[in-house]
file final_9.cif (mmCIF, C-alpha atoms)
data_query
loop_
_atom_site.label_atom_id
_atom_site.label_comp_id
_atom_site.auth_asym_id
_atom_site.auth_seq_id
_atom_site.Cartn_x
_atom_site.Cartn_y
_atom_site.Cartn_z
CA MET A 1 22.59 5.03 -24.61
CA SER A 2 22.57 8.38 -22.82
CA ARG A 3 22.96 8.65 -19.05
CA LEU A 4 19.37 9.86 -18.88
CA GLU A 5 18.13 6.75 -20.69
CA GLU A 6 20.20 4.54 -18.38
CA ARG A 7 18.65 6.20 -15.36
CA TYR A 8 15.13 5.81 -16.69
CA ARG A 9 15.71 2.16 -17.59
CA ARG A 10 16.95 1.60 -14.04
CA VAL A 11 13.63 2.98 -12.75
CA LEU A 12 11.73 0.71 -15.15
CA ARG A 13 13.39 -2.30 -13.52
CA LEU A 14 10.72 -1.93 -10.85
CA LEU A 15 8.27 -3.38 -13.38
CA PRO A 16 7.84 -7.15 -13.86
CA ALA A 17 10.07 -8.65 -16.58
CA ALA A 18 7.15 -9.78 -18.75
CA TYR A 19 5.68 -6.30 -18.74
CA ARG A 20 9.05 -4.73 -19.59
CA GLN A 21 9.51 -7.05 -22.52
CA GLU A 22 6.25 -5.76 -23.94
CA TRP A 23 6.44 -2.07 -23.06
CA GLU A 24 9.94 -0.99 -21.96
CA ASP A 25 11.31 0.28 -25.28
CA GLU A 26 8.15 2.21 -25.98
CA MET A 27 8.11 3.73 -22.50
CA VAL A 28 11.76 4.76 -22.86
CA ALA A 29 11.09 6.36 -26.25
CA ALA A 30 8.07 8.25 -24.89
CA PHE A 31 9.99 9.37 -21.82
CA LEU A 32 13.00 10.63 -23.82
CA GLU A 33 10.68 12.45 -26.19
CA SER A 34 8.95 14.07 -23.21
CA MET A 35 12.35 15.40 -22.08
CA HIS A 36 13.02 17.14 -25.41
CA THR A 37 13.09 20.90 -25.05
CA GLY A 38 13.85 21.78 -28.67
CA ASP A 39 17.06 23.52 -27.70
CA PRO A 40 20.02 21.29 -28.71
CA GLU A 41 22.31 22.60 -25.97
CA THR A 42 19.76 22.02 -23.20
CA ASP A 43 18.92 18.59 -24.65
CA GLU A 44 22.56 17.61 -24.62
CA TYR A 45 22.90 18.76 -21.03
CA LEU A 46 19.76 16.86 -20.00
CA ALA A 47 20.96 13.69 -21.75
CA ASP A 48 24.00 13.74 -19.48
CA TYR A 49 22.74 15.24 -16.24
CA GLY A 50 18.96 14.95 -16.42
CA ARG A 51 17.02 12.64 -14.14
CA PRO A 52 13.48 11.31 -14.29
CA SER A 53 11.39 13.63 -12.09
CA LEU A 54 9.93 12.40 -8.82
CA SER A 55 6.45 12.31 -10.35
CA GLU A 56 7.69 10.18 -13.28
CA VAL A 57 9.36 7.77 -10.84
CA SER A 58 6.26 7.58 -8.65
CA SER A 59 4.04 6.88 -11.68
CA VAL A 60 6.28 3.91 -12.52
CA LEU A 61 6.32 2.84 -8.87
CA SER A 62 2.54 2.81 -8.60
CA LEU A 63 2.27 0.92 -11.90
CA ALA A 64 4.80 -1.61 -10.57
CA LEU A 65 2.81 -2.08 -7.37
CA ARG A 66 -0.41 -2.55 -9.32
CA LEU A 67 1.23 -5.14 -11.58
CA ARG A 68 3.16 -7.01 -8.89
CA LEU A 69 0.41 -7.04 -6.28
CA GLY A 70 -2.21 -8.15 -8.75
CA GLY A 71 -5.96 -7.91 -8.53
CA ALA A 72 -8.63 -10.35 -9.66
CA ASP A 73 -7.72 -10.20 -13.38
CA ALA A 74 -3.94 -10.37 -12.90
CA PRO A 75 -1.71 -13.34 -13.87
CA PRO A 76 -1.71 -16.08 -11.17
CA ARG A 77 1.68 -15.26 -9.66
CA ALA A 78 1.03 -11.53 -9.35
CA TYR A 79 -2.38 -12.34 -7.91
CA ALA A 80 -0.81 -14.68 -5.32
CA TRP A 81 1.56 -11.89 -4.22
CA GLY A 82 -1.27 -9.37 -4.13
CA GLN A 83 -3.44 -11.65 -2.02
CA ALA A 84 -0.51 -12.43 0.30
CA VAL A 85 0.20 -8.74 0.95
CA ARG A 86 -3.50 -8.06 1.47
CA LEU A 87 -3.87 -10.98 3.89
CA ALA A 88 -0.73 -10.01 5.82
CA THR A 89 -1.98 -6.40 5.99
CA LEU A 90 -5.39 -7.52 7.25
CA MET A 91 -3.74 -9.65 9.93
CA GLY A 92 -1.42 -6.82 10.96
CA VAL A 93 -4.23 -4.28 11.19
CA LEU A 94 -6.36 -6.85 13.03
CA ALA A 95 -3.55 -7.33 15.58
CA ASN A 96 -3.34 -3.55 16.06
CA ALA A 97 -7.10 -3.27 16.45
CA VAL A 98 -7.18 -6.09 19.00
CA LEU A 99 -4.24 -4.73 20.99
CA ALA A 100 -5.50 -1.14 20.89
CA THR A 101 -8.83 -2.24 22.32
CA ALA A 102 -7.16 -4.35 24.99
CA GLY A 103 -4.47 -1.74 25.70
CA ILE A 104 -7.00 0.88 26.68
CA ALA A 105 -8.73 -1.59 29.03
CA ILE A 106 -5.44 -2.54 30.66
CA MET A 107 -4.43 1.09 31.08
CA LEU A 108 -7.72 1.91 32.76
CA TRP A 109 -7.41 -1.14 35.02
CA GLN A 110 -3.87 -0.24 36.05
CA ALA A 111 -5.06 3.23 36.85
CA GLY A 112 -7.78 1.75 39.04
CA ARG A 113 -10.55 3.11 36.87
CA ILE A 114 -12.35 -0.22 36.45
CA ALA A 115 -13.87 -0.61 39.89
CA TRP A 116 -15.38 -4.08 39.48
CA LEU A 117 -12.02 -5.73 38.76
CA PRO A 118 -9.61 -6.61 41.60
CA ALA A 119 -7.11 -3.80 42.20
CA PRO A 120 -3.74 -4.25 40.42
CA ALA A 121 -0.62 -5.11 42.38
CA ALA A 122 1.16 -2.07 43.74
CA GLU A 123 4.06 -2.17 41.28
CA LEU A 124 1.61 -2.31 38.38
CA THR A 125 -0.39 0.71 39.46
CA LEU A 126 -0.30 3.45 36.91
CA THR A 127 -1.11 7.07 37.39
CA LEU A 128 -2.93 8.43 34.41
CA PRO A 129 -1.02 11.35 32.93
CA GLU A 130 -2.24 14.67 34.24
CA HIS A 131 -2.34 16.68 31.04
CA SER A 132 -5.81 16.73 29.62
CA TRP A 133 -4.57 16.06 26.09
CA SER A 134 -2.66 12.99 27.12
CA PRO A 135 -5.53 10.46 27.46
CA ALA A 136 -6.87 11.66 24.13
CA TRP A 137 -3.38 11.15 22.73
CA HIS A 138 -3.40 7.54 23.95
CA LEU A 139 -6.90 7.03 22.63
CA ALA A 140 -5.61 7.84 19.13
CA GLY A 141 -4.40 4.22 19.03
CA TYR A 142 -8.04 3.25 19.23
CA ALA A 143 -8.42 4.45 15.64
CA TRP A 144 -6.97 1.10 14.51
CA LEU A 145 -10.35 -0.41 15.36
CA PRO A 146 -12.45 1.70 12.92
CA ALA A 147 -9.58 1.52 10.42
CA TYR A 148 -9.76 -2.26 10.49
CA LEU A 149 -13.55 -2.25 10.11
CA ALA A 150 -13.33 0.16 7.16
CA LEU A 151 -10.71 -2.04 5.48
CA VAL A 152 -12.80 -5.18 5.87
CA LEU A 153 -15.92 -3.39 4.61
CA GLY A 154 -14.07 -2.28 1.49
CA HIS A 155 -13.49 1.42 2.26
CA ARG A 156 -9.74 1.47 1.79
CA ARG A 157 -9.30 5.25 1.64
CA VAL A 158 -11.36 5.74 4.79
CA ALA A 159 -9.28 3.04 6.48
CA GLN A 160 -6.05 4.81 5.54
CA ALA A 161 -7.33 8.21 6.66
CA VAL A 162 -8.47 6.80 10.02
CA ALA A 163 -5.26 4.82 10.48
CA LEU A 164 -3.33 8.05 9.97
CA VAL A 165 -4.99 9.31 13.16
CA ALA A 166 -3.57 6.28 14.95
CA VAL A 167 -0.12 6.55 13.37
CA VAL A 168 0.73 10.24 13.70
CA PRO A 169 0.44 10.93 17.49
CA PRO A 170 2.78 8.07 18.53
CA VAL A 171 5.32 9.17 15.91
CA ILE A 172 5.30 12.68 17.39
CA THR A 173 5.64 11.22 20.90
CA ALA A 174 8.55 9.05 19.78
CA VAL A 175 10.29 12.05 18.21
CA ILE A 176 9.79 14.17 21.36
CA GLU A 177 11.09 11.34 23.55
CA ALA A 178 14.08 10.78 21.31
CA ALA A 179 14.91 14.48 21.56
CA GLY A 180 14.68 14.29 25.39
CA ASP A 181 17.11 12.82 27.90
CA SER A 182 15.70 9.29 28.07
CA PRO A 183 17.98 6.62 26.55
CA LEU A 184 17.13 5.73 22.96
CA THR A 185 15.18 2.49 22.62
CA VAL A 186 14.45 0.59 19.43
CA ALA A 187 11.01 -0.78 20.40
CA PRO A 188 8.92 2.42 19.96
CA TRP A 189 10.54 3.06 16.59
CA ALA A 190 10.02 -0.52 15.46
CA MET A 191 6.34 -0.12 16.35
CA ARG A 192 6.05 3.16 14.43
CA VAL A 193 7.75 1.66 11.38
CA THR A 194 5.36 -1.31 11.50
CA ASP A 195 2.40 1.09 11.68
CA ILE A 196 3.62 3.12 8.70
CA VAL A 197 4.27 -0.05 6.67
CA LEU A 198 0.72 -1.23 7.42
CA LEU A 199 -0.69 2.15 6.43
CA LEU A 200 1.15 2.02 3.08
CA ALA A 201 0.37 -1.67 2.50
CA MET A 202 -3.35 -0.86 2.65
CA SER A 203 -2.83 0.56 -0.86
CA ALA A 204 -2.79 -3.06 -2.11
CA PHE A 205 -6.58 -2.99 -1.68
CA ARG A 206 -7.97 -1.45 -4.87
CA ALA A 207 -11.11 -1.37 -6.95
CA ASP A 208 -9.84 -4.34 -9.00
CA THR A 209 -9.04 -6.53 -5.98
CA PRO A 210 -11.54 -9.07 -4.65
CA ALA A 211 -13.71 -7.97 -1.72
CA VAL A 212 -12.61 -9.07 1.75
CA PRO A 213 -14.87 -11.90 3.02
CA ARG A 214 -16.71 -9.96 5.72
CA ARG A 215 -17.98 -12.57 8.12
CA PRO A 216 -14.73 -14.37 9.03
CA TRP A 217 -12.71 -11.15 9.26
CA LEU A 218 -15.30 -9.36 11.39
CA LEU A 219 -15.57 -12.42 13.61
CA ALA A 220 -11.78 -12.46 13.94
CA LEU A 221 -11.94 -9.26 15.99
CA PRO A 222 -13.85 -10.56 19.06
CA VAL A 223 -12.18 -13.97 18.71
CA GLY A 224 -8.77 -12.26 18.66
CA ILE A 225 -9.60 -10.23 21.77
CA LEU A 226 -10.76 -13.35 23.64
CA LEU A 227 -7.82 -15.43 22.45
CA VAL A 228 -4.86 -13.10 23.05
CA PRO A 229 -5.24 -10.01 25.26
CA VAL A 230 -7.80 -11.42 27.69
CA PRO A 231 -5.83 -14.53 28.73
CA LEU A 232 -2.59 -12.53 28.62
CA PHE A 233 -4.08 -9.84 30.81
CA VAL A 234 -5.24 -12.40 33.40
CA ALA A 235 -1.97 -14.31 33.24
CA GLN A 236 0.20 -11.21 33.62
CA ALA A 237 -1.88 -9.99 36.53
CA THR A 238 -1.55 -13.29 38.39
CA THR A 239 1.91 -14.47 37.28
CA PRO A 240 4.49 -11.68 37.53
CA ALA A 241 7.05 -13.78 35.60
CA LEU A 242 5.02 -13.24 32.41
CA GLU A 243 5.77 -9.55 32.54
CA LEU A 244 9.00 -10.56 30.83
CA LEU A 245 7.01 -10.90 27.62
CA ASP A 246 7.28 -7.55 25.85
CA TRP A 247 5.31 -6.71 22.69
CA PRO A 248 7.83 -8.06 20.13
CA GLY A 249 7.88 -11.22 22.24
CA LEU A 250 4.11 -11.34 22.24
CA ALA A 251 4.13 -10.86 18.45
CA CYS A 252 6.55 -13.81 18.16
CA ALA A 253 4.32 -16.00 20.30
CA VAL A 254 1.16 -15.12 18.36
CA VAL A 255 2.80 -15.45 14.93
CA ALA A 256 4.44 -18.77 15.89
CA ALA A 257 1.06 -20.10 17.04
CA ALA A 258 -0.67 -18.89 13.86
CA LEU A 259 2.09 -20.42 11.70
CA ALA A 260 1.72 -23.73 13.53
CA VAL A 261 -2.04 -23.73 12.98
CA HIS A 262 -1.52 -22.91 9.30
CA LEU A 263 1.12 -25.62 8.91
CA ALA A 264 -1.13 -28.18 10.57
CA GLY A 265 -4.04 -27.03 8.46
CA GLY A 266 -3.99 -26.42 4.74
CA ALA A 267 -0.43 -25.25 4.13
CA ILE A 268 0.55 -28.43 2.27
CA ARG A 269 -2.09 -27.93 -0.40
CA ARG A 270 -1.04 -26.32 -3.64
CA THR A 271 -4.24 -24.33 -4.17
CA PRO A 272 -3.76 -20.64 -4.97
CA ARG A 273 -5.50 -19.88 -1.69
CA ALA A 274 -3.09 -21.98 0.38
CA VAL A 275 -0.08 -20.48 -1.45
CA SER A 276 -1.28 -16.93 -0.73
CA TRP A 277 -1.80 -17.75 2.93
CA SER A 278 1.65 -19.39 3.21
CA LEU A 279 3.19 -16.33 1.56
CA ALA A 280 1.26 -13.98 3.87
CA PHE A 281 2.42 -15.90 6.93
CA SER A 282 6.01 -15.89 5.62
CA LEU A 283 5.83 -12.09 5.30
CA LEU A 284 4.46 -11.79 8.84
CA ALA A 285 7.12 -14.15 10.20
CA ALA A 286 9.90 -12.19 8.48
CA ALA A 287 8.58 -8.86 9.80
CA THR A 288 8.23 -10.32 13.32
CA LEU A 289 11.76 -11.76 13.26
CA VAL A 290 13.29 -8.47 12.12
CA THR A 291 11.40 -6.58 14.84
CA ARG A 292 12.35 -9.10 17.53
CA ILE A 293 16.03 -9.15 16.62
CA ALA A 294 16.22 -5.35 16.33
CA THR A 295 14.56 -4.81 19.71
CA LEU A 296 16.91 -7.24 21.52
CA VAL A 297 19.26 -4.26 21.73
CA ASP A 298 16.85 -2.64 24.20
CA TYR A 299 17.71 -5.29 26.81
CA ARG A 300 21.30 -4.09 27.15
CA GLY A 301 20.86 -1.89 30.18
CA GLN A 302 18.19 -3.98 31.90
CA VAL A 303 18.71 -5.73 35.24
CA GLN A 304 17.45 -9.09 33.95
CA HIS A 305 19.53 -8.71 30.81
CA ALA A 306 20.60 -12.35 30.53
CA THR A 307 17.14 -13.82 31.13
CA LEU A 308 15.47 -11.42 28.74
CA THR A 309 18.00 -12.09 25.97
CA THR A 310 17.58 -15.86 26.42
CA ILE A 311 13.80 -15.52 26.16
CA GLY A 312 14.27 -13.33 23.09
CA ALA A 313 16.53 -15.93 21.48
CA ILE A 314 13.97 -18.65 22.16
CA GLU A 315 11.28 -16.49 20.53
CA VAL A 316 13.47 -16.01 17.46
CA ILE A 317 14.17 -19.73 17.19
CA ALA A 318 10.48 -20.61 17.59
CA VAL A 319 9.32 -18.29 14.81
CA ALA A 320 12.18 -19.31 12.51
CA ALA A 321 11.60 -23.03 13.15
CA ILE A 322 7.98 -22.85 12.03
CA GLY A 323 8.43 -19.94 9.61
CA VAL A 324 11.07 -21.59 7.42
CA PRO A 325 8.95 -24.62 6.41
CA VAL A 326 6.02 -22.30 5.67
CA ALA A 327 8.26 -20.06 3.55
CA VAL A 328 9.56 -23.13 1.68
CA LEU A 329 6.00 -24.24 0.98
CA ALA A 330 5.13 -20.74 -0.21
CA ALA A 331 8.16 -20.62 -2.53
CA ARG A 332 7.36 -24.06 -3.98
CA GLY A 333 3.75 -23.10 -4.49
CA LEU A 334 4.79 -19.89 -6.24
CA ARG A 335 7.18 -21.74 -8.51
CA ALA A 336 4.37 -24.08 -9.50
CA THR A 337 2.22 -21.05 -10.33
CA ALA A 338 2.43 -19.79 -13.88
CA PRO A 339 4.08 -16.34 -13.91
CA SER A 340 1.83 -15.02 -16.66
CA ASN A 341 -1.53 -15.90 -18.24
CA ARG A 342 -3.69 -18.40 -16.35
CA MET B 1 -13.15 5.44 -16.26
CA SER B 2 -9.95 6.96 -14.86
CA GLU B 3 -8.86 10.42 -15.95
CA PRO B 4 -5.79 9.17 -17.87
CA ALA B 5 -7.97 6.64 -19.72
CA PHE B 6 -10.51 9.35 -20.56
CA PHE B 7 -7.85 11.66 -21.98
CA ILE B 8 -6.10 8.88 -23.91
CA LEU B 9 -9.37 7.98 -25.66
CA THR B 10 -10.12 11.65 -26.30
CA ALA B 11 -6.66 12.23 -27.77
CA LEU B 12 -7.18 9.33 -30.18
CA VAL B 13 -10.57 10.43 -31.52
CA ASP B 14 -9.26 12.36 -34.54
CA ALA B 15 -5.98 10.63 -35.33
CA THR B 16 -3.71 7.69 -34.57
CA ARG B 17 -0.97 8.68 -32.13
CA HIS B 18 2.11 7.16 -30.50
CA GLY B 19 2.86 7.25 -26.75
CA TYR B 20 4.37 10.71 -26.51
CA GLY B 21 1.91 11.96 -29.12
CA ILE B 22 -0.89 11.10 -26.67
CA VAL B 23 0.90 12.92 -23.84
CA ALA B 24 1.40 16.04 -25.98
CA GLU B 25 -2.15 16.03 -27.33
CA THR B 26 -3.59 15.57 -23.83
CA ALA B 27 -1.56 18.51 -22.54
CA GLU B 28 -2.80 20.66 -25.40
CA LEU B 29 -6.44 19.57 -25.08
CA SER B 30 -6.48 20.30 -21.37
CA GLN B 31 -4.49 23.54 -21.84
CA GLY B 32 -1.63 22.14 -19.80
CA ARG B 33 -3.79 21.05 -16.88
CA VAL B 34 -3.27 17.32 -17.46
CA ARG B 35 0.37 16.25 -17.83
CA LEU B 36 0.25 12.47 -18.19
CA LYS B 37 3.25 10.76 -16.62
CA ILE B 38 4.72 7.93 -18.71
CA GLY B 39 3.96 5.38 -15.96
CA SER B 40 0.30 6.41 -15.79
CA LEU B 41 0.03 6.60 -19.59
CA TYR B 42 1.17 3.03 -20.10
CA GLY B 43 -0.67 1.83 -16.98
CA ALA B 44 -3.91 3.06 -18.59
CA LEU B 45 -2.94 2.21 -22.18
CA ASP B 46 -2.19 -1.46 -21.50
CA ARG B 47 -5.63 -1.81 -19.90
CA LEU B 48 -7.37 -0.02 -22.76
CA VAL B 49 -5.63 -2.32 -25.24
CA GLY B 50 -6.58 -5.33 -23.08
CA GLU B 51 -10.21 -4.22 -23.00
CA GLY B 52 -10.23 -3.68 -26.73
CA LEU B 53 -11.01 0.05 -26.53
CA VAL B 54 -7.72 0.93 -28.22
CA GLU B 55 -5.61 -1.10 -30.65
CA VAL B 56 -2.21 -0.89 -32.28
CA ASP B 57 -2.48 0.76 -35.68
CA ARG B 58 1.08 0.42 -36.96
CA GLU B 59 4.72 0.43 -35.92
CA GLU B 60 7.30 2.84 -37.29
CA ALA B 61 10.98 3.38 -36.70
CA TRP B 62 11.85 6.94 -35.76
CA GLN B 63 15.44 8.01 -35.01
CA GLY B 64 16.31 4.36 -34.42
CA ARG B 65 13.48 3.89 -31.93
CA LEU B 66 10.26 2.00 -32.21
CA ARG B 67 7.10 4.05 -32.35
CA ARG B 68 3.83 2.22 -31.95
CA TYR B 69 0.77 4.13 -33.11
CA TYR B 70 -2.58 3.51 -31.48
CA ARG B 71 -6.10 4.04 -32.74
CA LEU B 72 -9.51 4.14 -31.13
CA THR B 73 -11.70 1.09 -31.82
CA GLU B 74 -15.46 1.22 -32.34
CA ARG B 75 -15.91 -0.06 -28.78
CA GLY B 76 -13.56 2.64 -27.52
CA ARG B 77 -15.60 5.28 -29.33
CA HIS B 78 -18.79 4.01 -27.66
CA ALA B 79 -17.15 3.85 -24.24
CA LEU B 80 -15.85 7.42 -24.58
CA ASP B 81 -19.24 8.62 -25.81
CA ALA B 82 -20.99 7.06 -22.80
CA GLU B 83 -18.44 8.54 -20.39
CA ALA B 84 -18.67 11.99 -21.99
CA ARG B 85 -22.47 11.93 -21.66
CA ARG B 86 -22.21 10.88 -18.04
CA LEU B 87 -19.75 13.68 -17.24
CA ALA B 88 -21.84 16.23 -19.17
CA ALA B 89 -24.96 15.21 -17.25
CA ASN B 90 -23.08 15.61 -13.96
CA ALA B 91 -21.70 19.00 -14.99
CA HIS B 92 -25.16 20.15 -16.12
CA LEU B 93 -26.62 19.15 -12.76
CA ALA B 94 -24.06 21.25 -10.91
CA SER B 95 -24.41 24.31 -13.18
CA THR B 96 -28.22 24.24 -12.93
CA ARG B 97 -28.05 24.17 -9.18
CA LEU B 98 -25.51 26.98 -9.11
CA VAL B 99 -27.63 29.18 -11.40
CA ASN B 100 -30.75 28.53 -9.31
CA SER B 101 -28.98 29.42 -6.11
CA ARG B 102 -28.00 32.91 -7.35
CA ARG B 103 -30.93 34.61 -5.68
CA PRO B 104 -30.85 38.22 -4.44
CA VAL B 105 -29.48 38.65 -0.94
CA THR B 106 -32.37 38.23 1.50
CA GLY B 107 -30.70 39.95 4.41
CA GLU B 108 -30.24 36.77 6.43
CA SER B 109 -26.85 36.66 7.96
CA SER B 110 -25.05 33.47 8.78
#
call {"tool": "encode", "arguments": {"input": "final_9.cif", "output": "structure tokens"}}
result
Amino acid sequence: MSRLEERYRRVLRLLPAAYRQEWEDEMVAAFLESMHTGDPETDEYLADYGRPSLSEVSSVLSLALRLRLGGADAPPRAYAWGQAVRLATLMGVLANAVLATAGIAIMLWQAGRIAWLPAPAAELTLTLPEHSWSPAWHLAGYAWLPAYLALVLGHRRVAQAVALVAVVPPVITAVIEAAGDSPLTVAPWAMRVTDIVLLLAMSAFRADTPAVPRRPWLLALPVGILLVPVPLFVAQATTPALELLDWPGLACAVVAAALAVHLAGGAIRRTPRAVSWSLAFSLLAAATLVTRIATLVDYRGQVQHATLTTIGAIEVIAVAAIGVPVAVLAARGLRATAPSNR
Amino acid sequence: MSEPAFFILTALVDATRHGYGIVAETAELSQGRVRLKIGSLYGALDRLVGEGLVEVDREEAWQGRLRRYYRLTERGRHALDAEARRLAANAHLASTRLVNSRRPVTGESS
């Protein structure tokens, strides 16, 4: 086996085993033939030092994603993974849409722009940035709202294009801030990474995937706003101690609550639907845990360092305590699902 | 019908071909415009086989490697015919409009 073949076979490992069994040798043969130049010396050189081009690798990658995150006509296990990623993505984008909507309201309130609400406490008062581009810059986050609606209504490409508007400005801000004098913090980067992951994960919605049930997911938006940001906003305004809850902490609290509801609800059932939901919640829990643990570093220089770290640890334990049983249920459900044909 | 699927069916109209044979024929037919990547070729081919538009004709050993030759089925021929008509109708629509819009300059400036 030439080095080139070895390298290509390594790329093909991205594909599910069952698919490789059927197609790998043929794909390798076709690939090697496509690398033939007709000149023996060049061919010999390529066999040793050649590599599959980026476009060849990305064609295998997108095939692997299509096969592993299956659509309606995929084998049960691939379909379960596909549904789980789609559900987790919907929930992530929903959270962004809810928080973006609430974030703007809170910013305006802190700046004293919402006259009919009681004025914020002095230490909470915020001066809106003076540059004219700056509010518009902050409003970019609002794009998560139309992106979410587009995703639910089945316009995946529109959703991705709109979400790009929400993702790019904060990335530029983060880069500018990192280049400046302010100490480096993990939280903004963790947020940007989450945004980019969500943007990419939207690709799991394709023409061959089932349509998103519109009514519950559209209803989730106002319900989410009433359930999370509104009470939080009131609580933080009246109870200063709650300011200790930063956004990874908030994510932990919300995910832990959602996991608990899921566990109390249908998680035990072995239906494909329940397995996909358990898997989706496991993915969310894992992402939340990673973010929380990574952002604990930001507390180092803070005055209330000890308190904040303790709260952070409690958040980690809470998510893990409910996340592990859900993940176990998801794994069991997957194992019971036939890997190939239904 | 995706572009790879369209070109795979077109490449198989006149002869049975193996994987790389389809890639080479597609490149020639499109005068180098369409270079099918192996991942997209097999991504489309496995679906076409699944849908019964293409089937395995025979298997041959060549330089110690397996070569599977594919042929167009009757259903595949019909599907390609329908798609070609659809594309031709679309293209005709555009050309007619373009021809009609080539009026003499009226002096209006934009």
call {"tool": "closest_residue", "arguments": {"input": "final_9.cif", "among": "A:Phe31, A:Arg13, A:Glu22, A:Thr194", "to": "chain B", "atoms": "all atoms listed in the file"}}
result
A:Phe31
call {"tool": "resolve_selection", "arguments": {"input": "final_9.cif", "expression": "the PyMOL selection byres ((chain A and resi 335) around 12)", "output": "JSON, numbers by chain"}}
result
{"A": [76, 77, 78, 80, 270, 272, 275, 328, 329, 330, 331, 332, 333, 334, 336, 337, 338, 339, 340]}
call {"tool": "closest_residue", "arguments": {"input": "final_9.cif", "among": "A:His262, A:His305, A:His155, A:His36", "to": "chain B", "atoms": "all atoms listed in the file"}}
result
A:His36
call {"tool": "resolve_selection", "arguments": {"input": "final_9.cif", "expression": "the PyMOL selection byres ((chain A and resi 141) around 9)", "output": "compact mmCIF listing (two decimals) with C-alpha atoms, in the frame of the given file"}}
result
# COMPACT_ATOMS: atom_id res chain seq x y z
CA ASN A 96 -3.34 -3.55 16.06
CA ALA A 97 -7.10 -3.27 16.45
CA ALA A 100 -5.50 -1.14 20.89
CA THR A 101 -8.83 -2.24 22.32
CA GLY A 103 -4.47 -1.74 25.70
CA ILE A 104 -7.00 0.88 26.68
CA TRP A 137 -3.38 11.15 22.73
CA HIS A 138 -3.40 7.54 23.95
CA LEU A 139 -6.90 7.03 22.63
CA ALA A 140 -5.61 7.84 19.13
CA TYR A 142 -8.04 3.25 19.23
CA ALA A 143 -8.42 4.45 15.64
CA TRP A 144 -6.97 1.10 14.51
CA LEU A 145 -10.35 -0.41 15.36
CA ALA A 163 -5.26 4.82 10.48
CA VAL A 165 -4.99 9.31 13.16
CA ALA A 166 -3.57 6.28 14.95
CA VAL A 167 -0.12 6.55 13.37
CA PRO A 169 0.44 10.93 17.49
CA PRO A 170 2.78 8.07 18.53
call {"tool": "resolve_selection", "arguments": {"input": "final_9.cif", "expression": "the PyMOL selection byres ((chain A) within 6 of (chain B))", "output": "VMD selection string"}}
result
chain A and resid 30 56 59 to 60 63
call {"tool": "residues_around", "arguments": {"input": "final_9.cif", "residues": "segment 8-13 of chain B", "least_positions_apart": "2", "cutoff": "8 Å", "atoms": "all atoms listed in the file", "output": "PyMOL selection string"}}
result
chain B and resi 4-6+15-17+22+25-26+29+41+45+54+70-72+76-77+80
call {"tool": "atom_distance", "arguments": {"input": "final_9.cif", "atom1": "atom CA of Ala327 of chain A", "atom2": "atom CA of Ser282 of chain A"}}
result
5.2 Å
call {"tool": "closest_residue", "arguments": {"input": "final_9.cif", "among": "A:Ala280, A:Ile322, A:Arg156, A:Thr185", "to": "Leu259 of chain A", "atoms": "only C-alpha atoms"}}
result
A:Ile322
call {"tool": "atom_distance", "arguments": {"input": "final_9.cif", "atom1": "atom CA of Leu221 of chain A", "atom2": "atom CA of Ala274 of chain A"}}
result
22.0 Å
